[in-house]
>>> print(open('protein_3.pdb').read())   # PDB, C-alpha atoms
ATOM      1  CA  MET B   1     -70.225-121.612-134.891
ATOM      2  CA  ALA B   2     -67.405-122.769-132.619
ATOM      3  CA  LYS B   3     -68.144-119.832-130.349
ATOM      4  CA  GLY B   4     -71.693-121.076-129.839
ATOM      5  CA  LYS B   5     -70.507-124.540-128.878
ATOM      6  CA  GLN B   6     -68.006-123.032-126.479
ATOM      7  CA  THR B   7     -70.700-120.857-124.893
ATOM      8  CA  CYS B   8     -72.938-123.913-124.614
ATOM      9  CA  LYS B   9     -70.236-125.889-122.793
ATOM     10  CA  ILE B  10     -69.577-123.081-120.327
ATOM     11  CA  LEU B  11     -73.261-122.490-119.593
ATOM     12  CA  LYS B  12     -73.725-126.212-119.075
ATOM     13  CA  GLU B  13     -70.873-126.214-116.585
ATOM     14  CA  ILE B  14     -72.487-123.319-114.734
ATOM     15  CA  ARG B  15     -75.761-125.279-114.555
ATOM     16  CA  LYS B  16     -73.893-128.290-113.191
ATOM     17  CA  GLN B  17     -72.252-126.123-110.540
ATOM     18  CA  ILE B  18     -75.586-124.591-109.524
ATOM     19  CA  ALA B  19     -77.069-128.077-109.199
ATOM     20  CA  ALA B  20     -74.125-129.394-107.196
ATOM     21  CA  GLU B  21     -74.083-126.467-104.782
ATOM     22  CA  ASN B  22     -77.796-126.806-104.126
ATOM     23  CA  ASP B  23     -78.023-130.623-103.956
ATOM     24  CA  ILE B  24     -80.140-130.800-107.079
ATOM     25  CA  GLU B  25     -79.910-133.867-109.237
ATOM     26  CA  LEU B  26     -79.189-132.728-112.774
ATOM     27  CA  ILE B  27     -78.639-135.359-115.395
ATOM     28  CA  THR B  28     -77.023-133.915-118.482
ATOM     29  CA  SER B  29     -76.117-135.701-121.656
ATOM     30  CA  GLU B  30     -73.484-135.017-124.274
ATOM     31  CA  CYS B  31     -74.841-132.757-126.996
ATOM     32  CA  THR B  32     -74.702-134.562-130.317
ATOM     33  CA  HIS B  33     -76.037-131.686-132.389
ATOM     34  CA  LYS B  34     -73.816-131.203-135.430
ATOM     35  CA  GLY B  35     -75.195-128.024-136.973
ATOM     36  CA  ASP B  36     -75.184-124.384-135.946
ATOM     37  CA  CYS B  37     -75.157-123.764-132.207
ATOM     38  CA  ALA B  38     -76.430-120.496-130.795
ATOM     39  CA  GLY B  39     -74.946-121.192-127.370
ATOM     40  CA  THR B  40     -78.274-122.375-126.070
ATOM     41  CA  CYS B  41     -81.185-124.454-127.333
ATOM     42  CA  PRO B  42     -84.579-125.676-126.058
ATOM     43  CA  LYS B  43     -82.886-128.571-124.250
ATOM     44  CA  CYS B  44     -80.435-126.247-122.473
ATOM     45  CA  GLU B  45     -83.230-123.796-121.642
ATOM     46  CA  ALA B  46     -85.310-126.650-120.216
ATOM     47  CA  GLU B  47     -82.463-127.456-117.841
ATOM     48  CA  VAL B  48     -82.421-123.850-116.659
ATOM     49  CA  ARG B  49     -86.177-123.888-116.040
ATOM     50  CA  TYR B  50     -85.811-127.205-114.173
ATOM     51  CA  LEU B  51     -83.143-125.704-111.919
ATOM     52  CA  GLU B  52     -85.331-122.667-111.271
ATOM     53  CA  ARG B  53     -88.238-124.896-110.251
ATOM     54  CA  GLU B  54     -86.033-126.970-107.967
ATOM     55  CA  LEU B  55     -84.562-123.861-106.335
ATOM     56  CA  GLU B  56     -88.073-122.485-105.787
ATOM     57  CA  LYS B  57     -89.084-125.749-104.112
ATOM     58  CA  ARG B  58     -86.116-125.464-101.793
ATOM     59  CA  GLN B  59     -86.862-121.842-101.037
ATOM     60  CA  ARG B  60     -90.407-122.776-100.050
ATOM     61  CA  LEU B  61     -88.819-125.190 -97.580
ATOM     62  CA  GLY B  62     -86.726-122.370 -96.178
ATOM     63  CA  LYS B  63     -83.468-123.226 -97.945
ATOM     64  CA  ALA B  64     -81.723-120.303 -99.596
ATOM     65  CA  ALA B  65     -80.202-120.781-103.036
ATOM     66  CA  VAL B  66     -76.436-121.131-102.888
ATOM     67  CA  PHE B  67     -74.271-119.551-105.575
ATOM     68  CA  ALA B  68     -71.089-119.201-103.585
ATOM     69  CA  GLY B  69     -67.768-119.241-105.312
ATOM     70  CA  MET B  70     -69.059-119.554-108.836
ATOM     71  CA  THR B  71     -67.053-117.739-111.443
ATOM     72  CA  ILE B  72     -66.913-117.853-115.192
ATOM     73  CA  GLY B  73     -63.232-118.690-114.898
ATOM     74  CA  THR B  74     -63.909-121.928-113.064
ATOM     75  CA  ALA B  75     -66.686-122.797-115.510
ATOM     76  CA  ILE B  76     -64.385-122.173-118.465
ATOM     77  CA  THR B  77     -61.699-124.354-116.937
ATOM     78  CA  ALA B  78     -64.155-127.117-116.114
ATOM     79  CA  ALA B  79     -65.631-126.946-119.598
ATOM     80  CA  GLY B  80     -62.170-127.312-121.085
ATOM     81  CA  CYS B  81     -62.508-124.154-123.145
ATOM     82  CA  GLY B  82     -59.945-121.539-124.041
ATOM     83  CA  PRO B  83     -60.154-118.057-122.557
ATOM     84  CA  LEU B  84     -62.829-115.749-123.883
ATOM     85  CA  VAL B  85     -61.513-112.587-122.344
ATOM     86  CA  GLN B  86     -60.210-109.641-124.254
ATOM     87  CA  PRO B  87     -56.549-108.771-124.028
ATOM     88  CA  THR B  88     -55.824-106.858-120.873
ATOM     89  CA  ALA B  89     -53.644-103.869-120.365
ATOM     90  CA  GLY B  90     -49.999-104.611-120.642
ATOM     91  CA  MET B  91     -50.483-107.860-122.517
ATOM     92  CA  PRO B  92     -49.106-108.155-126.016
ATOM     93  CA  MET B  93     -51.991-107.727-128.389
ATOM     94  CA  ASP B  94     -53.067-110.566-130.585
ATOM     95  CA  PRO B  95     -52.786-109.488-134.233
ATOM     96  CA  ASN B  96     -55.947-111.458-134.890
ATOM     97  CA  ASP B  97     -58.000-109.249-132.595
ATOM     98  CA  THR B  98     -60.518-107.353-134.603
ATOM     99  CA  ILE B  99     -63.743-105.524-134.230
ATOM    100  CA  THR B 100     -66.518-106.942-136.269
ATOM    101  CA  VAL B 101     -68.964-104.765-138.093
ATOM    102  CA  THR B 102     -72.082-106.809-138.480
ATOM    103  CA  ASP B 103     -75.784-106.155-138.424
ATOM    104  CA  SER B 104     -77.169-107.152-135.064
ATOM    105  CA  THR B 105     -80.754-106.147-135.476
ATOM    106  CA  SER B 106     -81.930-109.737-135.740
ATOM    107  CA  CYS B 107     -80.675-110.227-132.188
ATOM    108  CA  HIS B 108     -79.679-113.801-132.986
ATOM    109  CA  PRO B 109     -77.449-114.718-130.064
ATOM    110  CA  GLU B 110     -74.804-116.305-132.243
ATOM    111  CA  ARG B 111     -74.385-113.174-134.341
ATOM    112  CA  LEU B 112     -71.999-110.695-132.899
ATOM    113  CA  LEU B 113     -73.129-107.264-131.962
ATOM    114  CA  GLU B 114     -71.277-104.508-133.658
ATOM    115  CA  GLY B 115     -68.291-103.634-131.556
ATOM    116  CA  ASP B 116     -67.585-107.107-130.319
ATOM    117  CA  VAL B 117     -63.933-107.824-129.956
ATOM    118  CA  VAL B 118     -63.266-111.321-131.151
ATOM    119  CA  LYS B 119     -60.124-113.357-130.793
ATOM    120  CA  THR B 120     -60.261-115.213-134.062
ATOM    121  CA  LEU B 121     -61.208-114.425-137.602
ATOM    122  CA  PRO B 122     -63.752-116.249-139.708
ATOM    123  CA  ASP B 123     -62.016-118.856-141.846
ATOM    124  CA  SER B 124     -63.248-117.214-144.982
ATOM    125  CA  LEU B 125     -61.736-113.867-144.136
ATOM    126  CA  ASN B 126     -58.473-112.902-145.705
ATOM    127  CA  PRO B 127     -56.365-111.348-142.924
ATOM    128  CA  ASP B 128     -54.927-108.896-145.427
ATOM    129  CA  SER B 129     -58.332-107.283-145.767
ATOM    130  CA  LEU B 130     -58.303-106.295-142.126
ATOM    131  CA  VAL B 131     -55.854-103.504-142.615
ATOM    132  CA  GLU B 132     -58.024-101.847-145.198
ATOM    133  CA  ILE B 133     -59.628 -98.774-143.745
ATOM    134  CA  LYS B 134     -63.087 -97.891-144.922
ATOM    135  CA  PRO B 135     -64.074 -94.604-143.307
TER     136      PRO B 135
ATOM    137  CA  MET A   1     -94.452 -94.414-119.891
ATOM    138  CA  THR A   2     -90.692 -94.531-120.468
ATOM    139  CA  LYS A   3     -89.691 -95.957-123.822
ATOM    140  CA  ALA A   4     -86.421 -96.314-125.676
ATOM    141  CA  LYS A   5     -85.265 -97.566-129.039
ATOM    142  CA  ILE A   6     -83.071-100.633-128.666
ATOM    143  CA  PHE A   7     -81.318-102.099-131.674
ATOM    144  CA  GLY A   8     -79.785-105.196-130.154
ATOM    145  CA  VAL A   9     -80.130-107.588-127.250
ATOM    146  CA  SER A  10     -77.343-110.155-127.085
ATOM    147  CA  ARG A  11     -77.494-112.937-124.489
ATOM    148  CA  HIS A  12     -74.825-115.087-122.899
ATOM    149  CA  ARG A  13     -71.848-112.837-123.262
ATOM    150  CA  LEU A  14     -69.155-114.347-121.134
ATOM    151  CA  THR A  15     -66.814-111.864-119.442
ATOM    152  CA  VAL A  16     -66.636-109.452-122.403
ATOM    153  CA  ASP A  17     -69.008-106.850-120.919
ATOM    154  CA  GLY A  18     -68.270-107.216-117.271
ATOM    155  CA  GLU A  19     -68.231-109.973-114.736
ATOM    156  CA  GLY A  20     -70.050-113.248-115.252
ATOM    157  CA  VAL A  21     -72.785-113.998-117.753
ATOM    158  CA  THR A  22     -74.190-110.790-119.166
ATOM    159  CA  THR A  23     -76.788-109.633-121.629
ATOM    160  CA  LEU A  24     -75.823-106.648-123.749
ATOM    161  CA  VAL A  25     -78.617-104.189-124.489
ATOM    162  CA  ALA A  26     -77.786-101.645-127.196
ATOM    163  CA  PHE A  27     -79.626 -98.321-127.209
ATOM    164  CA  ASN A  28     -80.034 -95.971-130.120
ATOM    165  CA  GLY A  29     -78.758 -92.431-129.761
ATOM    166  CA  CYS A  30     -75.213 -91.099-129.367
ATOM    167  CA  PRO A  31     -73.743 -87.611-128.937
ATOM    168  CA  LEU A  32     -70.541 -88.590-130.779
ATOM    169  CA  ARG A  33     -69.887 -89.179-134.448
ATOM    170  CA  CYS A  34     -66.782 -91.323-134.363
ATOM    171  CA  LYS A  35     -65.043 -91.770-137.668
ATOM    172  CA  TYR A  36     -64.989 -95.569-137.387
ATOM    173  CA  CYS A  37     -68.160 -95.907-135.346
ATOM    174  CA  LEU A  38     -68.834 -99.570-134.792
ATOM    175  CA  ASN A  39     -72.556 -99.116-134.327
ATOM    176  CA  LYS A  40     -73.709 -96.552-136.846
ATOM    177  CA  THR A  41     -77.146 -98.106-136.491
ATOM    178  CA  SER A  42     -77.292 -96.269-133.186
ATOM    179  CA  TRP A  43     -77.182 -92.888-134.953
ATOM    180  CA  ASP A  44     -80.559 -93.546-136.555
ATOM    181  CA  MET A  45     -83.321 -93.017-134.029
ATOM    182  CA  ASP A  46     -85.868 -94.664-136.327
ATOM    183  CA  LYS A  47     -84.170 -98.054-136.369
ATOM    184  CA  GLY A  48     -84.464-100.587-133.599
ATOM    185  CA  ARG A  49     -87.458-101.609-131.557
ATOM    186  CA  ASP A  50     -89.373 -99.623-128.956
ATOM    187  CA  TYR A  51     -89.030-101.086-125.487
ATOM    188  CA  THR A  52     -90.356-100.121-122.102
ATOM    189  CA  PRO A  53     -88.267-101.135-119.084
ATOM    190  CA  GLU A  54     -90.934-103.729-118.300
ATOM    191  CA  MET A  55     -90.714-105.259-121.785
ATOM    192  CA  LEU A  56     -86.952-105.481-121.573
ATOM    193  CA  PHE A  57     -87.041-106.979-118.086
ATOM    194  CA  GLU A  58     -89.520-109.644-119.201
ATOM    195  CA  GLU A  59     -87.238-110.502-122.120
ATOM    196  CA  VAL A  60     -83.917-110.681-120.307
ATOM    197  CA  LYS A  61     -85.011-112.276-117.033
ATOM    198  CA  ILE A  62     -84.845-115.640-118.782
ATOM    199  CA  ASP A  63     -81.150-115.574-117.797
ATOM    200  CA  GLN A  64     -81.651-114.510-114.192
ATOM    201  CA  LEU A  65     -80.263-117.784-112.851
ATOM    202  CA  TYR A  66     -77.012-117.292-114.747
ATOM    203  CA  PHE A  67     -76.816-113.667-113.616
ATOM    204  CA  LEU A  68     -77.265-114.571-109.971
ATOM    205  CA  ALA A  69     -74.924-117.540-110.112
ATOM    206  CA  THR A  70     -72.053-115.726-111.808
ATOM    207  CA  HIS A  71     -72.452-112.174-110.504
ATOM    208  CA  GLY A  72     -73.497-111.079-113.963
ATOM    209  CA  GLY A  73     -76.366-109.015-115.251
ATOM    210  CA  VAL A  74     -77.147-106.483-117.918
ATOM    211  CA  THR A  75     -74.689-104.246-119.710
ATOM    212  CA  PHE A  76     -76.259-101.242-121.395
ATOM    213  CA  GLY A  77     -74.387-100.031-124.452
ATOM    214  CA  GLY A  78     -75.266 -98.530-127.769
ATOM    215  CA  GLY A  79     -75.064 -95.763-128.705
ATOM    216  CA  GLU A  80     -74.769 -93.909-125.450
ATOM    217  CA  PRO A  81     -76.780 -95.620-122.706
ATOM    218  CA  LEU A  82     -76.592 -92.686-120.311
ATOM    219  CA  LEU A  83     -78.877 -90.752-122.649
ATOM    220  CA  HIS A  84     -81.573 -93.108-121.340
ATOM    221  CA  LYS A  85     -81.293 -92.483-117.639
ATOM    222  CA  GLU A  86     -84.976 -92.837-116.759
ATOM    223  CA  PHE A  87     -85.148 -96.146-118.596
ATOM    224  CA  ILE A  88     -82.148 -97.530-116.718
ATOM    225  CA  LYS A  89     -83.445 -96.300-113.363
ATOM    226  CA  GLU A  90     -86.809 -97.946-113.953
ATOM    227  CA  PHE A  91     -85.106-101.114-115.116
ATOM    228  CA  ARG A  92     -83.038-101.191-111.921
ATOM    229  CA  ALA A  93     -86.228-100.929-109.873
ATOM    230  CA  LEU A  94     -87.563-103.983-111.721
ATOM    231  CA  CYS A  95     -84.470-106.201-111.555
ATOM    232  CA  GLY A  96     -83.481-105.317-108.005
ATOM    233  CA  PRO A  97     -80.016-104.945-106.554
ATOM    234  CA  GLN A  98     -78.700-108.446-107.261
ATOM    235  CA  TRP A  99     -78.221-108.052-110.995
ATOM    236  CA  GLN A 100     -75.095-106.193-111.987
ATOM    237  CA  ILE A 101     -75.888-103.204-114.167
ATOM    238  CA  VAL A 102     -72.943-101.893-116.125
ATOM    239  CA  VAL A 103     -72.890 -99.147-118.737
ATOM    240  CA  GLU A 104     -70.568 -99.078-121.701
ATOM    241  CA  THR A 105     -70.306 -95.326-122.111
ATOM    242  CA  SER A 106     -68.280 -92.520-123.628
ATOM    243  CA  LEU A 107     -69.064 -90.402-120.527
ATOM    244  CA  HIS A 108     -69.888 -87.627-122.981
ATOM    245  CA  VAL A 109     -73.026 -86.712-121.084
ATOM    246  CA  PRO A 110     -73.851 -83.865-118.675
ATOM    247  CA  PHE A 111     -72.052 -83.970-115.336
ATOM    248  CA  GLU A 112     -75.429 -83.981-113.579
ATOM    249  CA  THR A 113     -76.380 -87.169-115.426
ATOM    250  CA  ILE A 114     -73.336 -88.955-114.051
ATOM    251  CA  GLN A 115     -74.095 -87.797-110.529
ATOM    252  CA  GLU A 116     -77.714 -88.848-110.876
ATOM    253  CA  MET A 117     -77.027 -92.253-112.387
ATOM    254  CA  ASN A 118     -74.041 -93.418-110.359
ATOM    255  CA  PRO A 119     -76.098 -94.923-107.487
ATOM    256  CA  PHE A 120     -78.026 -97.066-109.967
ATOM    257  CA  LEU A 121     -74.928 -98.561-111.596
ATOM    258  CA  ASP A 122     -72.540-101.298-110.501
ATOM    259  CA  GLY A 123     -69.828-100.482-112.966
ATOM    260  CA  TYR A 124     -68.622 -98.625-116.006
ATOM    261  CA  ILE A 125     -66.855 -99.599-119.193
ATOM    262  CA  VAL A 126     -65.565 -96.262-120.452
ATOM    263  CA  ASP A 127     -64.688 -95.857-124.108
ATOM    264  CA  ILE A 128     -62.197 -93.055-123.645
ATOM    265  CA  LYS A 129     -60.991 -92.933-127.302
ATOM    266  CA  ASP A 130     -57.850 -90.875-126.643
ATOM    267  CA  MET A 131     -56.949 -88.526-123.785
ATOM    268  CA  ASN A 132     -55.414 -85.999-126.173
ATOM    269  CA  PRO A 133     -58.122 -83.358-126.813
ATOM    270  CA  GLU A 134     -57.049 -82.773-130.406
ATOM    271  CA  ILE A 135     -57.166 -86.462-131.261
ATOM    272  CA  TYR A 136     -60.502 -86.814-129.468
ATOM    273  CA  LEU A 137     -61.971 -83.893-131.393
ATOM    274  CA  ALA A 138     -60.665 -85.151-134.719
ATOM    275  CA  TYR A 139     -61.998 -88.652-134.124
ATOM    276  CA  THR A 140     -65.349 -87.960-132.450
ATOM    277  CA  GLY A 141     -66.240 -84.460-133.595
ATOM    278  CA  LYS A 142     -66.596 -83.401-129.949
ATOM    279  CA  GLU A 143     -64.313 -82.046-127.232
ATOM    280  CA  ASN A 144     -63.318 -84.104-124.214
ATOM    281  CA  PRO A 145     -63.040 -81.899-121.089
ATOM    282  CA  LEU A 146     -66.505 -83.056-120.025
ATOM    283  CA  VAL A 147     -65.425 -86.688-120.369
ATOM    284  CA  LEU A 148     -62.384 -86.107-118.173
ATOM    285  CA  LYS A 149     -64.416 -84.262-115.557
ATOM    286  CA  ASN A 150     -66.941 -87.121-115.458
ATOM    287  CA  LEU A 151     -64.196 -89.734-115.266
ATOM    288  CA  GLU A 152     -62.539 -87.930-112.375
ATOM    289  CA  TRP A 153     -65.849 -87.814-110.551
ATOM    290  CA  ILE A 154     -66.724 -91.492-110.962
ATOM    291  CA  LEU A 155     -63.219 -92.465-109.847
ATOM    292  CA  GLN A 156     -63.977 -90.684-106.591
ATOM    293  CA  HIS A 157     -67.421 -92.213-106.189
ATOM    294  CA  LYS A 158     -67.104 -95.800-107.422
ATOM    295  CA  ALA A 159     -64.537 -98.438-106.517
ATOM    296  CA  PRO A 160     -61.731 -98.212-109.099
ATOM    297  CA  GLU A 161     -61.991-101.909-109.948
ATOM    298  CA  ARG A 162     -65.560-101.221-111.079
ATOM    299  CA  ILE A 163     -64.332 -98.855-113.793
ATOM    300  CA  LYS A 164     -62.763-100.351-116.892
ATOM    301  CA  VAL A 165     -61.343 -97.825-119.334
ATOM    302  CA  ARG A 166     -60.867 -98.955-122.894
ATOM    303  CA  VAL A 167     -58.077 -97.300-124.860
ATOM    304  CA  PRO A 168     -58.074 -98.084-128.567
ATOM    305  CA  HIS A 169     -55.265 -97.827-131.054
ATOM    306  CA  ILE A 170     -57.149 -95.941-133.782
ATOM    307  CA  PRO A 171     -55.637 -96.157-137.261
ATOM    308  CA  GLU A 172     -54.790 -92.747-138.727
ATOM    309  CA  PHE A 173     -55.866 -90.926-135.544
ATOM    310  CA  ASN A 174     -53.456 -91.938-132.799
ATOM    311  CA  THR A 175     -50.054 -93.548-132.565
ATOM    312  CA  ASP A 176     -48.652 -96.098-130.149
ATOM    313  CA  GLU A 177     -47.010 -93.172-128.397
ATOM    314  CA  ASP A 178     -50.342 -91.359-128.061
ATOM    315  CA  VAL A 179     -51.916 -94.473-126.593
ATOM    316  CA  ALA A 180     -49.046 -94.866-124.145
ATOM    317  CA  LYS A 181     -49.562 -91.253-123.056
ATOM    318  CA  SER A 182     -53.281 -91.882-122.555
ATOM    319  CA  VAL A 183     -52.569 -94.969-120.468
ATOM    320  CA  GLU A 184     -50.038 -93.080-118.390
ATOM    321  CA  ARG A 185     -52.505 -90.250-117.728
ATOM    322  CA  LEU A 186     -55.280 -92.665-116.839
ATOM    323  CA  LYS A 187     -53.051 -94.477-114.358
ATOM    324  CA  ALA A 188     -52.128 -91.139-112.817
ATOM    325  CA  MET A 189     -55.837 -90.396-112.387
ATOM    326  CA  GLY A 190     -56.276 -93.648-110.487
ATOM    327  CA  VAL A 191     -57.648 -95.944-113.180
ATOM    328  CA  VAL A 192     -56.595 -99.509-112.401
ATOM    329  CA  ASP A 193     -58.449-101.472-115.080
ATOM    330  CA  ILE A 194     -57.230-100.395-118.506
ATOM    331  CA  ASP A 195     -58.089-102.358-121.630
ATOM    332  CA  GLU A 196     -55.751-101.393-124.446
ATOM    333  CA  PHE A 197     -56.779-102.829-127.774
ATOM    334  CA  GLN A 198     -56.510-102.400-131.504
ATOM    335  CA  TYR A 199     -59.139-101.159-133.940
ATOM    336  CA  ILE A 200     -58.708-103.094-137.136
ATOM    337  CA  ILE A 201     -61.109-101.657-139.640
ATOM    338  CA  ARG A 202     -62.484-103.715-142.459
TER     339      ARG A 202
END
>>> encode(input="protein_3.pdb", output="structure tokens")
Amino acid sequence: MAKGKQTCKILKEIRKQIAAENDIELITSECTHKGDCAGTCPKCEAEVRYLERELEKRQRLGKAAVFAGMTIGTAITAAGCGPLVQPTAGMPMDPNDTITVTDSTSCHPERLLEGDVVKTLPDSLNPDSLVEIKP
Amino acid sequence: MTKAKIFGVSRHRLTVDGEGVTTLVAFNGCPLRCKYCLNKTSWDMDKGRDYTPEMLFEEVKIDQLYFLATHGGVTFGGGEPLLHKEFIKEFRALCGPQWQIVVETSLHVPFETIQEMNPFLDGYIVDIKDMNPEIYLAYTGKENPLVLKNLEWILQHKAPERIKVRVPHIPEFNTDEDVAKSVERLKAMGVVDIDEFQYIIR
């Protein structure tokens, strides 16, 4: 579930940036949840809805929403997370890269869609099993 | 009313399907039968849930703020998303021009489909498999001249940085040398964003 926590941190940083760029007071608190994290939760979603309401208020007053200069890269850096990007052309490939084959029909955001390229393997997975080909 | 079977909607994907925060929408239906298909669910047209463009828009607009703030949006995959051109066009009309709409496609669709859909799309993630026609045929069960023709066309009609081409190392089907040849050919065609990666089958 580390991926969910990481997603949560990055999304939170994006919300903070949106608030800062639009002069919206957003008070966030450290998440103390210890269990599974899907990357978002009712508290996180409530912050998004709050920002939407505040932006709408400003738009009614004739102020356009400002999103200038916001990138995932800056959010990742600010959140103190490692890179989430796939290896790019020319880079040495990480032997731990794999393509998961999991059922995604539940649409649970923490479960990976089939075809996701992930950077790390589940702890329980024996790396040796990855070379086995099952046509 | 336009409807499509969708077998997955995955929110908050960060940079893996295009720029910014994206939601991946996976359609059923694919013209290829790749040996190590990662989404065999997509072959079965009975699985998944029926959506109209309106239903999907209502579901995914929950992340509109993230999309707008990060230059993200919706990535349609599957399966082959370009088999659902009317759905995507109607969805674009609903979401407007500010969301980025990207398709993760094999480009194994009629040339006319590419020409028709290009104005509605902000970018492509092309799963090229291998440029060698024999390897492509062995791996997918289909021939690739159509794919190459479509790729050439989109390179002329979309900014090259909007076209990512993914080149997999496919166990038992291509070698490192084959992949290097594919990359070389793609660069010669004008592809600037090439994502070379490894299939590790388990």
>>> resolve_selection(input="protein_3.pdb", expression="the PyMOL selection byres ((chain B and resi 66) around 12)", output="PDB file with C-alpha atoms, in the frame of the given file")
ATOM      1  CA  GLN B  17     -72.252-126.123-110.540  1.00  0.00           C
ATOM      2  CA  ILE B  18     -75.586-124.591-109.524  1.00  0.00           C
ATOM      3  CA  ALA B  19     -77.069-128.077-109.199  1.00  0.00           C
ATOM      4  CA  ALA B  20     -74.125-129.394-107.196  1.00  0.00           C
ATOM      5  CA  GLU B  21     -74.083-126.467-104.782  1.00  0.00           C
ATOM      6  CA  ASN B  22     -77.796-126.806-104.126  1.00  0.00           C
ATOM      7  CA  ASP B  23     -78.023-130.623-103.956  1.00  0.00           C
ATOM      8  CA  ILE B  24     -80.140-130.800-107.079  1.00  0.00           C
ATOM      9  CA  LEU B  55     -84.562-123.861-106.335  1.00  0.00           C
ATOM     10  CA  ARG B  58     -86.116-125.464-101.793  1.00  0.00           C
ATOM     11  CA  GLN B  59     -86.862-121.842-101.037  1.00  0.00           C
ATOM     12  CA  LYS B  63     -83.468-123.226 -97.945  1.00  0.00           C
ATOM     13  CA  ALA B  64     -81.723-120.303 -99.596  1.00  0.00           C
ATOM     14  CA  ALA B  65     -80.202-120.781-103.036  1.00  0.00           C
ATOM     15  CA  PHE B  67     -74.271-119.551-105.575  1.00  0.00           C
ATOM     16  CA  ALA B  68     -71.089-119.201-103.585  1.00  0.00           C
ATOM     17  CA  GLY B  69     -67.768-119.241-105.312  1.00  0.00           C
ATOM     18  CA  MET B  70     -69.059-119.554-108.836  1.00  0.00           C
TER      19      MET B  70
ATOM     20  CA  LEU A  65     -80.263-117.784-112.851  1.00  0.00           C
ATOM     21  CA  LEU A  68     -77.265-114.571-109.971  1.00  0.00           C
ATOM     22  CA  ALA A  69     -74.924-117.540-110.112  1.00  0.00           C
ATOM     23  CA  THR A  70     -72.053-115.726-111.808  1.00  0.00           C
TER      24      THR A  70
END
>>> resolve_selection(input="protein_3.pdb", expression="the PyMOL selection byres ((chain A and resi 42) around 10)", output="list in words")
Lys5, Ile6, Phe7, Gly8, Ala26, Phe27, Asn28, Gly29, Cys30, Cys37, Leu38, Asn39, Lys40, Thr41, Trp43, Asp44, Met45, Asp46, Lys47, Gly48, Gly77, Gly78, Gly79 and Glu80 of chain A
>>> write_last_selection(input="protein_3.pdb", atoms="C-alpha atoms", output="PDB file, in the coordinates of the input")
ATOM      1  CA  LYS A   5     -85.265 -97.566-129.039  1.00  0.00           C
ATOM      2  CA  ILE A   6     -83.071-100.633-128.666  1.00  0.00           C
ATOM      3  CA  PHE A   7     -81.318-102.099-131.674  1.00  0.00           C
ATOM      4  CA  GLY A   8     -79.785-105.196-130.154  1.00  0.00           C
ATOM      5  CA  ALA A  26     -77.786-101.645-127.196  1.00  0.00           C
ATOM      6  CA  PHE A  27     -79.626 -98.321-127.209  1.00  0.00           C
ATOM      7  CA  ASN A  28     -80.034 -95.971-130.120  1.00  0.00           C
ATOM      8  CA  GLY A  29     -78.758 -92.431-129.761  1.00  0.00           C
ATOM      9  CA  CYS A  30     -75.213 -91.099-129.367  1.00  0.00           C
ATOM     10  CA  CYS A  37     -68.160 -95.907-135.346  1.00  0.00           C
ATOM     11  CA  LEU A  38     -68.834 -99.570-134.792  1.00  0.00           C
ATOM     12  CA  ASN A  39     -72.556 -99.116-134.327  1.00  0.00           C
ATOM     13  CA  LYS A  40     -73.709 -96.552-136.846  1.00  0.00           C
ATOM     14  CA  THR A  41     -77.146 -98.106-136.491  1.00  0.00           C
ATOM     15  CA  TRP A  43     -77.182 -92.888-134.953  1.00  0.00           C
ATOM     16  CA  ASP A  44     -80.559 -93.546-136.555  1.00  0.00           C
ATOM     17  CA  MET A  45     -83.321 -93.017-134.029  1.00  0.00           C
ATOM     18  CA  ASP A  46     -85.868 -94.664-136.327  1.00  0.00           C
ATOM     19  CA  LYS A  47     -84.170 -98.054-136.369  1.00  0.00           C
ATOM     20  CA  GLY A  48     -84.464-100.587-133.599  1.00  0.00           C
ATOM     21  CA  GLY A  77     -74.387-100.031-124.452  1.00  0.00           C
ATOM     22  CA  GLY A  78     -75.266 -98.530-127.769  1.00  0.00           C
ATOM     23  CA  GLY A  79     -75.064 -95.763-128.705  1.00  0.00           C
ATOM     24  CA  GLU A  80     -74.769 -93.909-125.450  1.00  0.00           C
TER      25      GLU A  80
END
>>> closest_residue(input="protein_3.pdb", among="A:Glu116, A:Glu90, A:Glu104, A:Asp127", to="Asp17 of chain A", atoms="all atoms listed in the file")
A:Glu104
>>> residues_around(input="protein_3.pdb", residues="Val74 of chain A", least_positions_apart="4", cutoff="9 Å", atoms="all atoms listed in the file", output="PyMOL selection string")
chain A and resi 17-18+21-25+60+67+99-103
>>> resolve_selection(input="protein_3.pdb", expression="the PyMOL selection byres ((chain A and resi 196) around 6)", output="list in words")
Ala89 of chain B; Arg166, Val167, Pro168, Asp195 and Phe197 of chain A
>>> residues_around(input="protein_3.pdb", residues="Tyr51 of chain A", least_positions_apart="4", cutoff="6 Å", atoms="only C-alpha atoms", output="ChimeraX atom specification")
/A:3-4,55
>>> closest_residue(input="protein_3.pdb", among="B:Leu11, B:Leu61, B:Ile27, B:Thr32", to="Cys44 of chain B", atoms="all atoms listed in the file")
B:Leu11
>>> closest_residue(input="protein_3.pdb", among="A:His108, A:Val165, A:Glu177, A:Leu56", to="chain B", atoms="only C-alpha atoms")
A:Val165
>>> residues_around(input="protein_3.pdb", residues="Asn118 of chain A", least_positions_apart="3", cutoff="8 Å", atoms="only C-alpha atoms", output="list in words")
Ile114, Gln115, Leu121, Ile154, His157 and Lys158 of chain A
>>> closest_residue(input="protein_3.pdb", among="B:Glu47, B:Asp36, B:Glu25, B:Glu52", to="Gly4 of chain B", atoms="only C-alpha atoms")
B:Asp36
>>> closest_residue(input="protein_3.pdb", among="B:Lys34, B:Leu51, B:Leu26, B:Glu56", to="chain A", atoms="all atoms listed in the file")
B:Leu51
>>> closest_residue(input="protein_3.pdb", among="B:Lys43, B:His33, B:Lys9, B:Arg15", to="chain A", atoms="only C-alpha atoms")
B:Arg15
